[in-house]
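Raw model_18.txt, compact mmCIF, C-alpha atoms and all ligand atoms:
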# COMPACT_ATOMS: atom_id res chain seq x y z
CA MET A 1 29.49 -8.12 19.41
CA THR A 2 27.46 -11.15 20.39
CA LEU A 3 24.11 -11.76 18.84
CA ASP A 4 21.08 -11.00 20.99
CA PRO A 5 20.09 -14.49 22.26
CA GLN A 6 16.43 -13.75 21.54
CA LEU A 7 17.31 -12.96 17.92
CA ALA A 8 19.43 -16.09 17.68
CA PHE A 9 16.45 -18.05 18.97
CA ALA A 10 14.14 -16.46 16.36
CA ARG A 11 16.52 -17.37 13.55
CA ARG A 12 16.83 -20.94 14.80
CA MET A 13 13.04 -21.21 15.00
CA ASP A 14 12.68 -19.87 11.45
CA ARG A 15 15.27 -22.35 10.16
CA SER A 16 13.52 -25.33 11.71
CA ASP A 17 9.97 -24.12 10.91
CA GLY A 18 8.25 -26.58 8.60
CA LEU A 19 5.83 -23.87 7.45
CA ALA A 20 8.49 -21.20 6.80
CA HIS A 21 8.36 -21.62 3.01
CA HIS A 22 4.76 -20.33 2.95
CA ARG A 23 5.86 -16.87 4.04
CA ALA A 24 7.44 -16.12 0.65
CA LYS A 25 4.06 -16.78 -0.97
CA PHE A 26 2.62 -13.60 0.54
CA GLU A 27 2.84 -10.15 -1.02
CA GLY A 28 5.05 -7.81 0.98
CA ALA A 29 6.49 -10.46 3.29
CA ASP A 30 9.98 -9.82 1.87
CA THR A 31 10.05 -6.24 3.20
CA ASP A 32 10.96 -5.04 6.70
CA LEU A 33 7.35 -4.17 7.51
CA VAL A 34 6.10 -6.03 10.58
CA TYR A 35 2.54 -7.23 10.21
CA PHE A 36 0.82 -8.05 13.49
CA ASP A 37 -2.70 -7.69 12.12
CA GLY A 38 -3.27 -10.77 10.00
CA ASN A 39 -6.08 -11.64 12.40
CA SER A 40 -7.95 -8.53 11.19
CA LEU A 41 -6.99 -8.56 7.52
CA GLY A 42 -4.61 -11.23 6.28
CA ARG A 43 -1.84 -10.45 3.80
CA PRO A 44 -2.63 -11.21 0.14
CA PRO A 45 -1.20 -14.44 -1.30
CA LYS A 46 0.91 -13.44 -4.33
CA SER A 47 -0.75 -16.08 -6.48
CA ALA A 48 -4.15 -14.52 -5.77
CA ILE A 49 -3.12 -11.41 -7.68
CA GLY A 50 -2.65 -13.38 -10.90
CA ARG A 51 -5.77 -15.43 -10.23
CA VAL A 52 -7.96 -12.36 -9.84
CA GLU A 53 -6.56 -10.80 -12.99
CA GLU A 54 -7.00 -14.03 -14.92
CA PHE A 55 -10.58 -14.26 -13.64
CA LEU A 56 -11.42 -10.72 -14.71
CA ARG A 57 -9.88 -11.17 -18.14
CA GLU A 58 -10.74 -14.72 -19.07
CA SER A 59 -13.70 -15.85 -16.97
CA TRP A 60 -15.66 -12.63 -16.65
CA GLY A 61 -14.36 -11.04 -19.88
CA GLY A 62 -14.41 -14.18 -21.97
CA ARG A 63 -17.24 -16.28 -20.66
CA LEU A 64 -19.52 -13.38 -19.65
CA ILE A 65 -22.89 -14.58 -18.36
CA ARG A 66 -22.12 -18.17 -19.40
CA GLY A 67 -19.74 -18.21 -16.43
CA TRP A 68 -22.61 -18.67 -14.00
CA ASP A 69 -23.73 -21.98 -15.46
CA GLU A 70 -20.23 -23.12 -16.25
CA SER A 71 -18.84 -22.75 -12.74
CA TRP A 72 -19.73 -19.72 -10.64
CA LEU A 73 -23.16 -20.89 -9.43
CA ARG A 74 -21.66 -23.75 -7.46
CA LEU A 75 -18.72 -21.82 -6.00
CA PRO A 76 -20.42 -20.87 -2.69
CA ASN A 77 -21.03 -24.56 -2.02
CA GLU A 78 -17.72 -25.84 -3.41
CA ILE A 79 -15.56 -23.41 -1.48
CA GLY A 80 -17.80 -23.89 1.55
CA ASP A 81 -17.16 -27.64 1.43
CA ARG A 82 -13.44 -26.98 1.05
CA ILE A 83 -13.48 -24.80 4.19
CA GLY A 84 -15.47 -27.56 5.84
CA ARG A 85 -12.83 -30.15 4.97
CA ALA A 86 -9.63 -28.16 5.49
CA VAL A 87 -10.49 -25.70 8.24
CA ILE A 88 -13.45 -26.75 10.43
CA ASP A 89 -13.55 -30.52 9.94
CA ALA A 90 -17.11 -30.68 8.66
CA LYS A 91 -18.30 -33.21 6.14
CA ALA A 92 -19.55 -31.94 2.79
CA GLY A 93 -22.95 -30.31 2.38
CA GLN A 94 -22.90 -28.30 5.62
CA THR A 95 -20.87 -25.20 4.78
CA VAL A 96 -21.45 -22.37 2.28
CA ILE A 97 -19.91 -18.95 1.74
CA GLY A 98 -21.79 -15.86 0.70
CA ASP A 99 -22.68 -12.87 2.84
CA SER A 100 -20.73 -11.02 5.52
CA THR A 101 -20.34 -12.64 8.93
CA THR A 102 -22.82 -10.10 10.29
CA VAL A 103 -25.52 -11.07 7.80
CA LEU A 104 -24.89 -14.79 8.25
CA LEU A 105 -25.05 -14.39 12.03
CA TYR A 106 -28.43 -12.73 11.61
CA LYS A 107 -29.74 -15.40 9.26
CA LEU A 108 -28.65 -18.35 11.38
CA ALA A 109 -29.52 -16.84 14.77
CA ARG A 110 -32.98 -15.77 13.60
CA ALA A 111 -33.61 -19.19 12.06
CA ALA A 112 -32.46 -20.90 15.26
CA VAL A 113 -34.55 -18.88 17.72
CA ASP A 114 -37.63 -19.15 15.52
CA ALA A 115 -37.29 -22.94 15.38
CA GLN A 116 -36.75 -23.14 19.15
CA VAL A 117 -39.73 -20.94 20.02
CA ALA A 118 -41.93 -22.91 17.60
CA ARG A 119 -40.89 -26.14 19.33
CA ASP A 120 -41.18 -24.76 22.87
CA PRO A 121 -42.64 -21.27 23.48
CA ALA A 122 -40.89 -21.13 26.88
CA ARG A 123 -37.47 -20.86 25.21
CA ARG A 124 -37.22 -17.11 25.00
CA GLU A 125 -33.63 -16.34 25.96
CA ILE A 126 -30.49 -15.82 23.92
CA VAL A 127 -27.28 -16.27 25.92
CA LEU A 128 -24.24 -14.19 24.99
CA ASP A 129 -21.29 -12.57 26.73
CA THR A 130 -20.54 -8.91 27.37
CA ASP A 131 -17.22 -9.08 25.52
CA ASN A 132 -18.37 -10.79 22.36
CA PHE A 133 -17.53 -8.94 19.16
CA PRO A 134 -19.74 -5.85 18.73
CA THR A 135 -21.53 -7.12 15.63
CA ASP A 136 -22.59 -10.29 17.45
CA ARG A 137 -24.02 -8.27 20.34
CA TYR A 138 -25.79 -5.83 18.04
CA VAL A 139 -27.28 -8.49 15.76
CA LEU A 140 -28.61 -10.48 18.71
CA ASP A 141 -30.01 -7.35 20.31
CA GLY A 142 -31.87 -6.65 17.06
CA ILE A 143 -33.23 -10.18 16.88
CA ALA A 144 -34.35 -10.04 20.51
CA LYS A 145 -36.27 -6.83 19.79
CA GLU A 146 -37.73 -8.23 16.59
CA ARG A 147 -38.93 -11.42 18.23
CA GLY A 148 -39.70 -10.23 21.76
CA LEU A 149 -36.90 -12.33 23.28
CA THR A 150 -34.57 -11.63 26.20
CA LEU A 151 -30.79 -11.38 26.10
CA ARG A 152 -29.10 -13.20 28.95
CA TRP A 153 -25.64 -11.73 29.43
CA ILE A 154 -22.58 -13.53 30.78
CA GLU A 155 -20.21 -10.96 32.31
CA VAL A 156 -16.68 -11.74 31.21
CA ASP A 157 -13.35 -10.23 32.02
CA THR A 158 -11.79 -8.45 29.00
CA SER A 159 -8.62 -10.52 29.37
CA SER A 160 -10.52 -13.80 29.49
CA GLY A 161 -13.68 -15.42 28.04
CA VAL A 162 -16.68 -17.66 28.70
CA THR A 163 -15.96 -20.61 30.98
CA PRO A 164 -18.03 -23.82 31.28
CA GLU A 165 -19.06 -22.82 34.84
CA GLN A 166 -20.36 -19.47 33.64
CA LEU A 167 -22.38 -21.02 30.84
CA ALA A 168 -23.79 -23.78 33.06
CA ALA A 169 -25.03 -21.12 35.47
CA VAL A 170 -27.23 -19.35 32.92
CA VAL A 171 -28.65 -21.98 30.57
CA GLY A 172 -31.88 -23.84 31.28
CA PRO A 173 -35.35 -24.64 29.95
CA GLN A 174 -35.72 -20.96 29.01
CA THR A 175 -32.69 -20.92 26.69
CA ALA A 176 -33.25 -20.88 22.94
CA LEU A 177 -29.77 -20.10 21.67
CA VAL A 178 -26.21 -19.59 22.90
CA VAL A 179 -23.79 -17.48 20.83
CA ILE A 180 -20.08 -17.48 21.70
CA SER A 181 -16.84 -16.68 19.88
CA HIS A 182 -14.47 -19.64 19.77
CA VAL A 183 -11.50 -17.27 20.12
CA ALA A 184 -12.32 -13.95 21.81
CA TYR A 185 -11.35 -11.07 19.52
CA ARG A 186 -9.87 -9.00 22.34
CA SER A 187 -8.15 -11.42 24.71
CA ALA A 188 -7.66 -14.43 22.36
CA TYR A 189 -9.32 -16.59 25.03
CA LEU A 190 -9.94 -19.97 23.41
CA ALA A 191 -13.30 -21.28 24.58
CA ASP A 192 -13.69 -24.96 25.36
CA ALA A 193 -16.02 -25.47 22.39
CA PRO A 194 -16.86 -29.17 22.87
CA GLU A 195 -17.60 -28.70 26.57
CA LEU A 196 -19.64 -25.50 26.12
CA THR A 197 -21.60 -27.14 23.30
CA ARG A 198 -22.37 -30.11 25.53
CA ILE A 199 -23.56 -27.84 28.36
CA ALA A 200 -25.88 -25.93 26.01
CA HIS A 201 -27.24 -29.14 24.52
CA ASP A 202 -27.91 -30.62 27.95
CA ALA A 203 -30.13 -27.59 28.57
CA GLY A 204 -31.91 -28.11 25.24
CA ALA A 205 -30.38 -25.01 23.65
CA LEU A 206 -28.84 -24.60 20.21
CA VAL A 207 -25.36 -23.08 19.90
CA LEU A 208 -24.03 -20.74 17.24
CA TRP A 209 -20.24 -20.52 17.21
CA ASP A 210 -18.47 -17.46 15.84
CA LEU A 211 -15.24 -18.79 14.34
CA CYS A 212 -13.88 -15.51 12.93
CA HIS A 213 -10.74 -15.56 15.06
CA SER A 214 -10.18 -19.29 14.97
CA ALA A 215 -10.72 -20.26 11.33
CA GLY A 216 -7.26 -20.88 9.93
CA SER A 217 -5.35 -20.59 13.20
CA VAL A 218 -6.97 -22.96 15.69
CA PRO A 219 -8.30 -26.40 14.73
CA VAL A 220 -12.09 -26.72 14.83
CA LYS A 221 -13.96 -30.03 14.72
CA ALA A 222 -17.47 -28.89 13.91
CA ASP A 223 -18.95 -32.36 13.43
CA GLU A 224 -17.10 -34.13 16.23
CA TRP A 225 -17.84 -31.37 18.74
CA GLY A 226 -21.54 -31.48 17.88
CA PHE A 227 -21.85 -27.95 16.53
CA ASP A 228 -25.33 -26.84 15.47
CA LEU A 229 -24.40 -23.63 13.71
CA ALA A 230 -21.28 -21.62 13.02
CA VAL A 231 -20.13 -18.59 11.08
CA GLY A 232 -16.66 -17.27 10.35
CA CYS A 233 -14.66 -14.69 8.44
CA THR A 234 -12.48 -15.44 5.43
CA TYR A 235 -10.51 -12.18 5.31
CA LYS A 236 -8.65 -12.81 8.58
CA TYR A 237 -6.49 -15.96 8.78
CA LEU A 238 -7.87 -17.17 5.42
CA ASN A 239 -6.51 -14.12 3.57
CA GLY A 240 -9.56 -13.69 1.33
CA GLY A 241 -9.11 -9.92 1.06
CA PRO A 242 -11.14 -6.98 2.35
CA GLY A 243 -14.81 -7.93 2.45
CA SER A 244 -14.38 -11.48 1.17
CA PRO A 245 -17.53 -13.50 1.92
CA ALA A 246 -17.96 -15.28 5.24
CA PHE A 247 -18.88 -18.94 5.74
CA ALA A 248 -21.84 -20.52 7.46
CA TYR A 249 -22.07 -24.06 8.83
CA VAL A 250 -25.39 -25.72 9.63
CA ARG A 251 -25.46 -29.27 10.98
CA GLU A 252 -27.00 -31.58 8.41
CA ASP A 253 -30.10 -32.63 10.34
CA LEU A 254 -30.99 -29.02 11.20
CA GLN A 255 -30.88 -27.73 7.65
CA ASP A 256 -34.40 -28.66 6.61
CA VAL A 257 -35.86 -27.63 9.99
CA LEU A 258 -34.50 -24.08 9.90
CA GLU A 259 -36.03 -21.23 7.93
CA GLN A 260 -33.67 -18.32 7.46
CA PRO A 261 -35.24 -14.86 7.23
CA ILE A 262 -33.64 -13.44 4.08
CA GLN A 263 -35.63 -15.45 1.56
CA GLY A 264 -33.96 -14.90 -1.79
CA TRP A 265 -34.10 -16.51 -5.19
CA TRP A 266 -30.76 -18.30 -4.74
CA GLY A 267 -32.14 -20.29 -1.83
CA THR A 268 -35.10 -21.82 -3.66
CA THR A 269 -35.55 -25.29 -5.07
CA ASP A 270 -35.09 -24.04 -8.63
CA MET A 271 -33.90 -20.46 -8.91
CA PHE A 272 -34.43 -20.30 -12.68
CA LEU A 273 -38.05 -21.38 -12.38
CA MET A 274 -38.64 -17.88 -11.00
CA GLY A 275 -41.90 -19.12 -9.53
CA PRO A 276 -44.63 -17.12 -7.81
CA GLU A 277 -43.50 -17.93 -4.29
CA TYR A 278 -40.43 -18.77 -2.21
CA ARG A 279 -39.88 -22.50 -1.76
CA PRO A 280 -36.73 -23.10 0.30
CA ALA A 281 -34.34 -25.59 -1.25
CA PRO A 282 -33.39 -28.63 0.81
CA GLY A 283 -29.95 -28.64 2.42
CA MET A 284 -27.48 -25.79 2.64
CA GLN A 285 -28.73 -24.04 -0.49
CA ARG A 286 -31.57 -22.43 1.46
CA PHE A 287 -29.08 -20.45 3.55
CA ILE A 288 -27.93 -18.58 0.45
CA SER A 289 -29.98 -15.49 -0.34
CA GLY A 290 -28.80 -13.68 -3.46
CA THR A 291 -26.09 -13.46 -6.09
CA ALA A 292 -22.76 -14.69 -4.80
CA PRO A 293 -19.78 -12.25 -4.66
CA ILE A 294 -17.59 -14.34 -6.96
CA VAL A 295 -14.60 -11.98 -7.28
CA GLY A 296 -14.26 -11.98 -3.50
CA MET A 297 -14.05 -15.77 -3.46
CA ILE A 298 -10.84 -16.10 -5.44
CA ALA A 299 -8.02 -15.12 -3.05
CA MET A 300 -9.11 -17.35 -0.16
CA GLN A 301 -8.71 -20.41 -2.37
CA GLU A 302 -4.96 -19.79 -2.47
CA THR A 303 -4.78 -19.90 1.34
CA LEU A 304 -7.05 -22.94 1.46
CA ALA A 305 -4.51 -24.73 -0.76
CA MET A 306 -1.74 -23.84 1.71
CA ILE A 307 -3.84 -25.04 4.65
CA GLU A 308 -4.58 -28.31 2.84
CA GLU A 309 -0.85 -28.78 2.34
CA ALA A 310 0.18 -27.81 5.88
CA GLY A 311 -2.75 -29.24 7.86
CA MET A 312 -4.39 -27.46 10.79
CA PRO A 313 -2.38 -29.32 13.50
CA ALA A 314 0.93 -27.97 12.12
CA ILE A 315 -0.60 -24.51 11.79
CA ARG A 316 -1.75 -24.60 15.39
CA ALA A 317 1.68 -25.82 16.54
CA LYS A 318 3.36 -22.86 14.86
CA SER A 319 0.69 -20.50 16.17
CA ILE A 320 1.43 -21.64 19.71
CA ALA A 321 5.19 -21.26 19.19
CA LEU A 322 4.65 -17.72 17.85
CA THR A 323 2.43 -16.61 20.73
CA GLU A 324 4.77 -18.22 23.28
CA TYR A 325 7.70 -16.38 21.73
CA ALA A 326 5.88 -13.03 21.72
CA ILE A 327 4.93 -13.56 25.37
CA SER A 328 8.51 -14.41 26.34
CA LEU A 329 9.78 -11.24 24.63
CA ALA A 330 7.07 -9.25 26.42
CA ALA A 331 8.19 -10.73 29.73
CA ASP A 332 11.84 -9.82 29.03
CA TRP A 333 11.40 -6.40 27.49
CA LEU A 334 7.96 -4.99 28.25
CA ALA A 335 7.06 -6.24 31.72
CA PRO A 336 9.85 -4.07 33.23
CA LEU A 337 8.10 -1.09 31.59
CA GLY A 338 4.81 -1.96 33.27
CA VAL A 339 3.20 -3.99 30.48
CA THR A 340 0.96 -6.88 31.51
CA LEU A 341 -0.49 -9.83 29.62
CA ALA A 342 -4.20 -9.39 28.77
CA SER A 343 -4.48 -12.83 27.15
CA PRO A 344 -4.57 -16.28 28.76
CA ASP A 345 -1.18 -17.50 29.94
CA ASP A 346 -2.22 -21.12 29.34
CA VAL A 347 -1.62 -22.15 25.69
CA GLU A 348 -4.58 -24.51 25.87
CA ARG A 349 -6.86 -21.52 26.43
CA ARG A 350 -5.16 -19.11 24.01
CA GLY A 351 -5.85 -18.58 20.29
CA GLY A 352 -3.58 -17.03 17.67
CA HIS A 353 -2.99 -13.55 19.03
CA VAL A 354 -1.62 -11.91 22.16
CA THR A 355 -2.96 -8.78 23.81
CA LEU A 356 -0.71 -6.75 26.07
CA PHE A 357 -1.86 -3.97 28.34
CA HIS A 358 -0.30 -0.63 29.17
CA PRO A 359 -2.09 2.73 29.61
CA GLU A 360 0.12 4.26 26.90
CA MET A 361 -0.58 1.67 24.21
CA ARG A 362 -2.88 3.89 22.15
CA GLU A 363 0.00 6.30 21.58
CA VAL A 364 2.51 3.46 21.13
CA VAL A 365 0.42 1.79 18.42
CA ALA A 366 -0.09 5.09 16.57
CA ARG A 367 3.70 5.61 16.47
CA LEU A 368 4.39 2.01 15.48
CA TRP A 369 2.10 2.34 12.46
CA GLN A 370 4.18 5.31 11.29
CA GLN A 371 7.28 3.12 11.26
CA ASP A 372 5.68 0.19 9.44
CA VAL A 373 5.08 -1.97 12.50
CA ILE A 374 1.37 -2.80 12.39
CA PRO A 375 -0.33 -4.24 15.43
CA ASP A 376 -3.88 -3.26 16.44
CA TYR A 377 -5.11 -1.19 19.34
CA ARG A 378 -8.05 -2.36 21.41
CA ASP A 379 -9.44 -0.54 24.40
CA PRO A 380 -8.66 -0.55 27.23
CA GLY A 381 -4.91 0.01 26.69
CA GLY A 382 -4.44 -3.15 24.65
CA ILE A 383 -1.90 -3.71 21.91
CA ARG A 384 -3.04 -6.72 19.94
CA ILE A 385 -0.29 -8.80 18.36
CA GLY A 386 -1.86 -10.96 15.65
CA LEU A 387 0.36 -13.79 14.47
CA SER A 388 -0.62 -15.52 11.22
CA PRO A 389 1.08 -18.90 11.19
CA LEU A 390 1.47 -19.08 7.40
CA SER A 391 2.87 -15.60 6.85
CA THR A 392 4.60 -14.55 10.09
CA SER A 393 8.23 -15.36 10.87
CA PHE A 394 9.85 -15.48 14.29
CA GLU A 395 12.33 -12.83 13.23
CA GLU A 396 9.38 -10.60 12.30
CA VAL A 397 8.03 -11.08 15.83
CA HIS A 398 11.42 -10.15 17.25
CA ARG A 399 11.59 -6.99 15.10
CA GLY A 400 8.06 -5.92 16.03
CA MET A 401 8.44 -6.54 19.74
CA ALA A 402 11.78 -4.70 19.81
CA ALA A 403 10.13 -1.72 18.10
CA THR A 404 7.28 -1.82 20.62
CA ARG A 405 9.80 -1.77 23.48
CA ASP A 406 11.73 1.15 21.99
CA VAL A 407 8.63 3.22 21.25
CA LEU A 408 7.13 2.59 24.69
CA LYS A 409 10.45 3.58 26.33
CA GLN A 410 10.45 6.80 24.33
CA VAL A 411 6.82 7.61 25.21
CA LEU A 412 7.52 6.98 28.90
CA LEU A 413 10.58 9.26 28.80
CA GLU A 414 8.52 12.01 27.17
CA ARG A 415 5.75 11.63 29.72
CA ALA A 416 8.31 11.95 32.51
CA GLY A 417 9.59 15.12 30.89
CA LEU A 418 12.99 13.50 30.28
CA ALA A 419 12.96 13.62 26.48
C1 LIG B 501 -14.06 -9.87 12.51
C2 LIG B 501 -15.24 -10.38 13.23
C3 LIG B 501 -16.53 -10.21 12.73
C4 LIG B 501 -16.72 -9.37 11.50
O1 LIG B 501 -17.98 -9.39 10.93
P1 LIG B 501 -18.17 -8.71 9.50
O2 LIG B 501 -19.59 -8.90 9.18
O3 LIG B 501 -17.21 -9.37 8.56
O4 LIG B 501 -17.80 -7.26 9.61
C5 LIG B 501 -17.57 -10.80 13.42
N1 LIG B 501 -17.36 -11.51 14.56
C6 LIG B 501 -16.12 -11.67 15.07
C7 LIG B 501 -15.90 -12.47 16.30
C8 LIG B 501 -15.03 -11.11 14.42
O5 LIG B 501 -13.81 -11.26 14.92

Write the structure described by the file as structure tokens, please.
Ligand SMILES: *Cc1c(COP(=O)(O)O)cnc(C)c1O
Amino acid sequence: MTLDPQLAFARRMDRSDGLAHHRAKFEGADTDLVYFDGNSLGRPPKSAIGRVEEFLRESWGGRLIRGWDESWLRLPNEIGDRIGRAVIDAKAGQTVIGDSTTVLLYKLARAAVDAQVARDPARREIVLDTDNFPTDRYVLDGIAKERGLTLRWIEVDTSSGVTPEQLAAVVGPQTALVVISHVAYRSAYLADAPELTRIAHDAGALVLWDLCHSAGSVPVKADEWGFDLAVGCTYKYLNGGPGSPAFAYVREDLQDVLEQPIQGWWGTTDMFLMGPEYRPAPGMQRFISGTAPIVGMIAMQETLAMIEEAGMPAIRAKSIALTEYAISLAADWLAPLGVTLASPDDVERRGGHVTLFHPEMREVVARLWQQDVIPDYRDPGGIRIGLSPLSTSFEEVHRGMAATRDVLKQVLLERAGLA
């Protein structure tokens, strides 16, 4: 029997993959389970397990409250700077980790619109798109209500994202803030971040980038692209674990102008002074509110070390090869069954996952989960294939796509009353 040429291709790709050795560093990657959801919750790095245990035993157990002074107090800034350097190309002193993405979005967006309205009361609009991640839409809706501002919606197709033409058509002297996801969570549309930032700036607006689906899979150049503000998850491609703290980036010259709304003791000039009133610290410290979730900061450092070793360009190159491969398998095996691509075809406009549409995908995904093939389902009819460059192999993609084909065939036979 001759080997399936697609499987032969996968094996060749795995053999020549310069990042292949990272896969063995992840818990569970040596089993037959297919994980297509590293863009929602990354696999745990094996070394993180020992690190967390060592932390609990030696740092927490041994150092007790001395741990704060000895090292923990600075961790939000130190890991933030490391994310800045390795993941979003930001110079030190502009990135911290701490709250959830949702809370950081609120803090930065509120700070930004308040500063804009104070500077120019005519800037009363927040621009966002109809397919941004729910939390982004909800947070901005809340801020608009709180501050009497207007949301200006860009209508986007669920298999695409915000284009420069669309943004240019809605920004103007009334715009305070623009909030866009760099990679759209549903379609994987990769926004032209430098161009969109330039368009917003030309209109006098600030931009807040949501990097949740790009951090760790698509290169970001926060400083070079002129970002004002950004937030991003660490439990997706950075494998920080469920609920690991998100990061916030604030451009250096904006830091002392912005006043974030959750004024806590960690963000003051001297937290141990415990003074009568809140005095925001200079720099990034003021964007921190309360006690940092230290245990949740351990696992992501293991992935940051891998990213430092691999470099984002190599990670992006593998990410592209993985999505191209998944799309070619979909064309061979799934298109004949009526499946269509709900992600950009153009690699330049596509992030690290692939969404495929078929009306039966809800059922298909439910059955795949039962056989240890784990993609995600996103309405309408979308199977989302998340491909983590450090932990996914080409053979894993082959296995998962073959299972998807077989399950969809079975569902279609049952629907036709033939099985
Ligand atoms: C995953 C994700 C979030 C998640 O926010 P949390 O506060 O961590 O729940 C936010 N925005 C985008 C674009 C995401 O993909």

List all protein, DNA and RNA residues that have an atom no more than 6 Å from any atom of ligand LIG 501 (chain B), counting only C-alpha atoms and all ligand atoms, and report them as a ChimeraX atom specification. /A:100-102,133,135,181,185,210,212-213,233

Just the residues within 9 Å of stretch 381-392 of chain A, please, counting all atoms listed in the file, with nothing from its chain fewer than 5 positions along; format it as a ChimeraX atom specification. /A:19-26,29,34-40,42-43,186-187,216-217,236-237,303,306-307,310,315-320,322-323,326,342,352-362,364-365,374-376,397

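Rounded to one decimal, atom CA of A:Val295 and atom CA of A:Leu104 lie 18.8 Å from each other.
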
Give me, as a ChimeraX atom specification, all polymer residues having an atom no more than 7 Å from A:Phe227, counting all atoms listed in the file and skipping those fewer than 4 positions away in the same chain. /A:197,207,222-223,251

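Distance-wise, atom CA of A:Ser343 and atom CA of A:Thr404 end up 17.4 Å apart.
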
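Every residue within 12 Å of the file position (-3.2, -10.0, -8.2), judged by all atoms listed in the file, is given as Phe26, Glu27, Pro44, Pro45, Lys46, Ser47, Ala48, Ile49, Gly50, Arg51, Val52, Glu53, Glu54, Phe55, Leu56, Gly241, Val295, Ile298, Ala299 and Glu302 of chain A.
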
Give the answer as one residue: which of A:Leu177, A:Ala184, A:Val218, A:Leu412 has the shortest atom-to-atom distance to A:Gly204, using all atoms listed in the file? A:Leu177

Find the residues around A:Gln263 up to 9 Å (only C-alpha atoms counted), leave out those fewer than 3 positions away in its own chain, and share them as a VMD selection string. chain A and resid 259 to 260 266 to 268 278 to 280 286 to 290

Do you have, as JSON lines, the list of residues of stretch 210-296 of chain A lying at most 8 Å from stretch 77-81 of chain A, each with its nearest atom pair and that distance in Å to one decimal, counting all atoms listed in the file and ordered by chain then number?
{"residue": "A:Phe247", "atom": "CA", "partner": "A:Gly80", "partner_atom": "CA", "distance": 6.6}
{"residue": "A:Ala248", "atom": "CA", "partner": "A:Gly80", "partner_atom": "CA", "distance": 7.9}
{"residue": "A:Gln285", "atom": "CA", "partner": "A:Asn77", "partner_atom": "CA", "distance": 7.9}
